[in-house]
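So this one's query-v4.txt, compact mmCIF, C-alpha atoms:
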```txt
# COMPACT_ATOMS: atom_id res chain seq x y z
CA MET A 24 -17.60 6.15 -15.97
CA ILE A 25 -18.33 9.83 -15.60
CA SER A 26 -15.45 12.06 -14.53
CA PHE A 27 -16.07 15.15 -12.46
CA ILE A 28 -12.89 16.92 -13.47
CA LYS A 29 -12.67 20.36 -15.00
CA MET A 30 -9.29 20.79 -16.52
CA GLU A 31 -7.59 24.16 -16.89
CA PRO A 32 -4.56 24.81 -19.10
CA ILE A 33 -1.24 25.17 -17.36
CA ASN A 34 1.53 27.24 -18.88
CA SER A 35 4.22 26.45 -16.34
CA LYS A 36 7.47 25.20 -17.83
CA ASN A 37 7.60 22.67 -15.01
CA THR A 38 4.38 20.93 -16.04
CA LYS A 39 6.07 17.89 -17.56
CA ILE A 40 8.36 17.42 -14.55
CA VAL A 41 5.58 17.83 -12.03
CA GLY A 42 3.23 15.60 -14.05
CA SER A 43 5.79 12.79 -13.94
CA LEU A 44 6.19 13.31 -10.22
CA PHE A 45 2.45 12.97 -9.65
CA LEU A 46 2.27 9.95 -11.94
CA ALA A 47 4.95 8.15 -9.93
CA LEU A 48 3.35 9.06 -6.62
CA THR A 49 -0.16 8.06 -7.64
CA ILE A 50 0.79 4.67 -9.07
CA GLN A 51 3.04 4.11 -6.08
CA LEU A 52 0.09 4.69 -3.84
CA SER A 53 -2.08 2.43 -5.95
CA ILE A 54 0.13 -0.63 -5.66
CA VAL A 55 2.41 -0.34 -2.66
CA VAL A 56 0.14 -2.46 -0.46
CA PHE A 57 -1.14 -5.57 -2.13
CA GLY A 58 -2.65 -8.75 -0.82
CA ILE A 59 -3.01 -5.80 2.16
CA SER A 60 -24.04 12.46 23.33
CA HIS A 61 -27.22 10.84 21.61
CA ILE A 62 -29.13 13.07 19.14
CA VAL A 63 -32.88 12.59 18.81
CA SER A 64 -33.41 12.34 15.07
CA PRO A 65 -35.01 9.86 12.67
CA PHE A 66 -31.59 9.44 11.07
CA ALA A 67 -29.47 9.36 14.21
CA MET A 68 -27.52 6.27 15.27
CA SER A 69 -28.81 4.30 18.21
CA PRO A 70 -27.11 4.92 21.59
CA ILE A 71 -25.53 1.46 21.38
CA ILE A 72 -23.93 2.16 17.99
CA GLN A 73 -22.76 5.58 19.14
CA THR A 74 -21.13 3.98 22.18
CA VAL A 75 -19.28 1.47 19.99
CA VAL A 76 -18.03 4.22 17.66
CA ALA A 77 -16.85 6.28 20.63
CA GLN A 78 -14.98 3.30 22.02
CA VAL A 79 -13.27 2.69 18.69
CA ASP A 80 -12.24 6.35 18.44
CA GLN A 81 -10.76 6.31 21.93
CA ALA A 82 -8.90 3.09 21.16
CA PHE A 83 -7.05 4.52 18.15
CA LYS A 84 -3.30 4.25 18.32
CA THR A 85 -1.13 7.25 17.43
CA TYR A 86 1.86 7.49 15.11
CA ASP A 87 4.14 10.49 15.67
CA ASN A 88 6.89 11.65 13.37
CA PRO A 89 7.98 15.12 14.56
CA LYS A 90 10.65 15.54 11.87
CA PHE A 91 7.96 15.32 9.19
CA GLY A 92 5.54 17.19 11.45
CA LEU A 93 3.07 14.31 11.41
CA THR A 94 0.67 12.94 14.01
CA VAL A 95 -1.56 10.18 12.64
CA PRO A 96 -4.18 8.23 14.65
CA TYR A 97 -4.97 4.81 13.24
CA PRO A 98 -7.26 1.83 14.02
CA PRO A 99 -5.96 -0.30 16.91
CA THR A 100 -6.01 -3.58 14.96
CA TRP A 101 -4.02 -2.15 12.03
CA SER A 102 -0.27 -2.53 11.63
CA LEU A 103 2.23 0.24 10.94
CA ASP A 104 5.25 0.24 8.64
CA GLU A 105 7.44 3.33 8.87
CA LEU A 106 9.52 3.75 5.74
CA ARG A 107 11.06 7.16 6.43
CA LYS A 108 12.01 8.85 9.70
CA ASP A 109 14.07 11.83 8.64
CA PRO A 110 13.20 14.14 5.70
CA ALA A 111 16.82 15.35 5.59
CA THR A 112 17.87 11.91 4.35
CA ALA A 113 17.61 11.81 0.57
CA SER A 114 15.30 9.12 -0.78
CA ASN A 115 13.58 8.24 -4.07
CA ASN A 116 10.59 7.04 -2.04
CA SER A 117 8.22 9.68 -0.65
CA ILE A 118 6.25 7.24 1.52
CA VAL A 119 6.64 8.00 5.23
CA ALA A 120 4.27 5.41 6.70
CA ILE A 121 1.87 2.65 5.66
CA PHE A 122 -1.05 1.56 7.85
CA LYS A 123 -2.53 -1.85 6.98
CA SER A 124 -5.60 -3.75 8.09
CA PRO A 125 -5.24 -7.32 9.37
CA ALA A 126 -5.86 -10.07 6.85
CA GLU A 127 -9.36 -11.53 6.83
CA GLY A 128 -8.40 -15.13 6.18
CA GLN A 129 -5.97 -16.77 3.79
CA ASN A 130 -7.92 -15.67 0.74
CA ASP A 131 -7.65 -11.96 1.54
CA LYS A 132 -5.82 -10.75 -1.58
CA TYR A 133 -5.62 -7.06 -0.69
CA LEU A 134 -5.10 -5.48 2.72
CA GLU A 135 -7.02 -2.24 3.20
CA ASN A 136 -4.44 0.46 3.77
CA VAL A 137 -3.70 4.12 4.34
CA ILE A 138 -0.47 5.50 2.92
CA VAL A 139 1.05 8.82 4.01
CA ASN A 140 3.44 10.49 1.59
CA VAL A 141 5.44 13.67 2.00
CA GLN A 142 6.85 15.07 -1.25
CA GLY A 143 9.44 17.76 -0.93
CA PRO A 144 10.57 20.32 -0.23
CA ARG A 145 10.75 20.68 -4.02
CA SER A 146 11.10 23.78 -6.16
CA ASP A 147 8.56 22.41 -8.67
CA ILE A 148 5.80 22.22 -6.05
CA LYS A 149 4.45 25.77 -5.94
CA SER A 150 0.90 25.68 -4.57
CA LEU A 151 -2.11 23.48 -3.92
CA GLU A 152 -3.74 24.74 -7.11
CA GLN A 153 -0.77 23.79 -9.25
CA TYR A 154 -0.33 20.46 -7.50
CA THR A 155 -4.01 19.64 -8.02
CA GLN A 156 -4.02 20.55 -11.70
CA ASN A 157 -0.89 18.57 -12.44
CA SER A 158 -2.10 15.62 -10.39
CA LEU A 159 -5.36 15.52 -12.35
CA ARG A 160 -3.44 15.83 -15.59
CA ALA A 161 -1.24 12.88 -14.61
CA PHE A 162 -4.31 10.80 -13.71
CA ASN A 163 -5.86 11.51 -17.09
CA ASN A 164 -2.70 10.37 -18.84
CA MET A 165 -2.85 6.97 -17.18
CA SER A 166 -4.32 3.82 -18.67
CA ASP A 167 -8.06 3.21 -18.65
CA THR A 168 -7.64 0.87 -15.66
CA ILE A 169 -7.67 3.93 -13.38
CA LYS A 170 -10.66 6.30 -13.41
CA ILE A 171 -11.39 9.32 -11.20
CA THR A 172 -14.98 9.34 -9.93
CA GLN A 173 -14.85 12.46 -7.75
CA SER A 174 -12.65 15.54 -7.50
CA ARG A 175 -13.39 18.34 -5.03
CA SER A 176 -11.95 20.76 -2.47
CA ASP A 177 -11.46 19.48 1.08
CA THR A 178 -9.28 20.07 4.14
CA LEU A 179 -6.41 18.11 5.69
CA ALA A 180 -5.18 18.94 9.20
CA GLY A 181 -7.20 22.16 9.00
CA LEU A 182 -5.39 23.22 5.82
CA PRO A 183 -6.93 23.74 2.36
CA ALA A 184 -6.72 20.45 0.50
CA HIS A 185 -8.09 18.54 -2.47
CA LYS A 186 -9.83 15.17 -2.45
CA LEU A 187 -9.96 12.55 -5.18
CA GLU A 188 -11.84 9.27 -5.36
CA TYR A 189 -10.91 6.79 -8.04
CA THR A 190 -11.18 3.17 -9.06
CA SER A 191 -8.45 0.84 -10.23
CA SER A 192 -8.72 -2.46 -12.10
CA ALA A 193 -5.00 -2.78 -12.80
CA PHE A 194 -4.75 -6.10 -10.96
CA LYS A 195 -6.48 -9.09 -12.48
CA GLY A 196 -9.34 -10.23 -10.28
CA LEU A 197 -9.19 -7.15 -8.07
CA ASN A 198 -11.43 -4.10 -8.27
CA LEU A 199 -10.03 -1.43 -6.01
CA LYS A 200 -11.49 1.84 -4.79
CA LYS A 201 -9.30 4.63 -3.45
CA MET A 202 -9.53 8.03 -1.79
CA GLN A 203 -6.70 10.54 -1.83
CA VAL A 204 -6.49 13.82 0.11
CA PHE A 205 -3.53 16.16 -0.32
CA THR A 206 -2.39 19.61 0.76
CA VAL A 207 0.65 21.80 0.08
CA VAL A 208 2.56 23.65 2.81
CA ASN A 209 5.31 26.28 2.57
CA ASN A 210 4.70 26.41 -1.21
CA ASN A 211 7.11 23.51 -1.67
CA THR A 212 5.94 20.41 0.20
CA ALA A 213 2.95 18.15 -0.45
CA TYR A 214 1.34 15.92 2.19
CA VAL A 215 -0.68 13.14 0.57
CA VAL A 216 -2.91 10.60 2.34
CA THR A 217 -4.40 7.73 0.34
CA PHE A 218 -6.88 5.07 1.46
CA GLY A 219 -7.20 1.93 -0.65
CA ALA A 220 -9.53 -1.06 -0.37
CA GLU A 221 -11.26 -3.67 -2.46
CA ASP A 222 -14.49 -2.21 -3.77
CA SER A 223 -16.55 -4.54 -1.57
CA GLN A 224 -14.64 -3.47 1.56
CA TYR A 225 -14.42 0.28 0.92
CA ASP A 226 -17.67 1.45 2.56
CA LYS A 227 -17.19 -0.95 5.48
CA ASN A 228 -13.89 0.69 6.42
CA LEU A 229 -14.74 4.27 5.42
CA PRO A 230 -16.08 5.57 8.80
CA ALA A 231 -12.87 4.63 10.63
CA ILE A 232 -10.70 5.95 7.81
CA GLU A 233 -12.53 9.27 7.66
CA LYS A 234 -12.05 9.59 11.42
CA MET A 235 -8.37 8.81 10.95
CA ILE A 236 -7.83 11.34 8.15
CA LYS A 237 -9.81 14.10 9.88
CA SER A 238 -7.66 13.63 13.00
CA ILE A 239 -4.28 13.93 11.26
CA LYS A 240 -2.13 16.84 12.45
CA ILE A 241 0.58 18.55 10.39
CA ASP A 242 3.20 20.90 11.85
CA THR A 243 3.85 23.24 8.93
CA ASN A 244 7.11 24.44 10.51
CA ALA A 245 8.70 20.98 10.65
CA MET A 246 9.92 20.98 7.04
CA LYS A 247 10.97 24.63 6.71
CA ASN A 248 14.67 23.99 7.19
CA VAL A 249 14.89 20.84 5.10
CA LYS A 250 16.91 21.18 1.89
CA GLU A 251 15.19 20.97 -1.47
CA ASN A 252 15.32 18.13 -3.99
CA GLN A 253 14.40 15.30 -1.64
CA ASN A 254 12.27 12.37 -2.81
CA GLN A 255 13.49 12.39 -6.40
CA PRO A 256 11.75 9.54 -8.25
CA THR A 257 14.03 7.43 -10.43
CA GLY A 258 13.21 5.87 -13.77
CA SER A 259 13.39 2.34 -12.38
CA SER A 260 11.05 3.14 -9.50
CA GLN A 261 8.54 4.66 -11.89
CA THR A 262 8.64 1.52 -14.02
CA ASN A 263 8.07 -0.69 -10.98
CA LEU A 264 5.20 1.49 -9.88
CA ILE A 265 3.50 1.40 -13.25
CA ASN A 266 3.90 -2.37 -13.39
CA GLY A 267 2.21 -2.63 -9.99
CA HIS A 268 4.96 -4.02 -7.77
CA HIS A 269 6.83 -2.40 -4.92
CA GLY A 270 7.90 -5.31 -2.74
CA VAL A 271 5.49 -4.58 0.13
CA PHE A 272 2.66 -7.06 0.68
```
Transcribe the structure of this file into structure tokens.
Amino acid sequence: MISFIKMEPINSKNTKIVGSLFLALTIQLSIVVFGISHIVSPFAMSPIIQTVVAQVDQAFKTYDNPKFGLTVPYPPTWSLDELRKDPATASNNSIVAIFKSPAEGQNDKYLENVIVNVQGPRSDIKSLEQYTQNSLRAFNNMSDTIKITQSRSDTLAGLPAHKLEYTSSAFKGLNLKKMQVFTVVNNNTAYVVTFGAEDSQYDKNLPAIEKMIKSIKIDTNAMKNVKENQNQPTGSSQTNLINGHHGVF
């Protein structure tokens, strides 16, 4: 598969530390949920379809976490698991919330999901550019079961961000497709949003997920007074992540 990544050398002495951090986060995101007005134009949607989309948008639920500075709309039929409420509480898990689609029958092996992570504040997270480069480096050091298909600049909550799309075949019998958008605030904290679905379900869910991600709000002042060195990944958690199990189904 063709990769659209242009790598640049990094001379920072923190590269190895940050690379491990990104590796843990990315694998964590890959496995944490398993078995989980009308415009006249030839290409415009019909008024009926537009009405349905508008109704869905209005029906979105809202998740608020003021301590992390997060406001996240999500589809009304999806469930919410909040893993962290207070960034001042030390944790080796950077996941704040997981949003999961309902199961489509007993044979639904993977629930489509959106995972919101907040990493930091950390002294080894310096900027979006550094975070992006080290994240891409960590991806490239993974096994050939994970492949990046797109890498480009984007926005998240009106802030400069980076977007990745990648595939994963780490689970036997499952071909997954994922999208990850991340930004860095205060030069020490990364907000990461990842959407995951089976390849056959990805495009079906994408319109609602794009609406969800584009509507996320981040209060950049919320984390300013939080102490550094939160969300330290441990060796055991990294091993579990690489093996593809996190205890959430």
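Comparing the minimum interatomic distances between Ala120 in chain A and each of A:Thr217, A:Ser158, A:Asn248, A:Asn211, counting all atoms listed in the file, we find that A:Thr217 sits nearest.
The two atoms in question, CA of Gln203 in chain A and CA of Thr190 in chain A, are spaced 11.3 Å apart.
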Counting only C-alpha atoms, the residue among A:Asn209, A:Phe91, A:Leu179, A:Met165 that lies closest to Ala111 in chain A is A:Phe91
CA of Thr178 in chain A to CA of Lys84 in chain A: how many Å, to one decimal?
22.1 Å
Counting only C-alpha atoms, the option among A:Ser238, A:Gln142, A:Asn157, A:Ser191 closest to Asp222 in chain A:
A:Ser191
Would you list the contacts of Glu221 in chain A as a ChimeraX atom specification, taking every protein, DNA or RNA residue within 8 Å and counting only C-alpha atoms, but skipping same-chain residues closer than 5 positions in sequence?
/A:133,135,197-200
Need the shell around Pro110 in chain A: protein/DNA/RNA residues with any atom at most 8 Å away, counting only C-alpha atoms. Skip same-chain ones fewer than 6 positions apart. Format as a short mmCIF file (atom, residue, chain, number, x, y, z; two decimals) with C-alpha atoms, in the coordinates of the input?
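Writing done, so here's result-v9.cif:
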```cif
data_model
loop_
_atom_site.label_atom_id
_atom_site.label_comp_id
_atom_site.auth_asym_id
_atom_site.auth_seq_id
_atom_site.Cartn_x
_atom_site.Cartn_y
_atom_site.Cartn_z
CA LYS A 90 10.65 15.54 11.87
CA PHE A 91 7.96 15.32 9.19
CA MET A 246 9.92 20.98 7.04
CA VAL A 249 14.89 20.84 5.10
CA GLN A 253 14.40 15.30 -1.64
#
```
So how many Å separate CA of Ile148 in chain A and CA of Ala213 in chain A, to one decimal?
7.5 Å
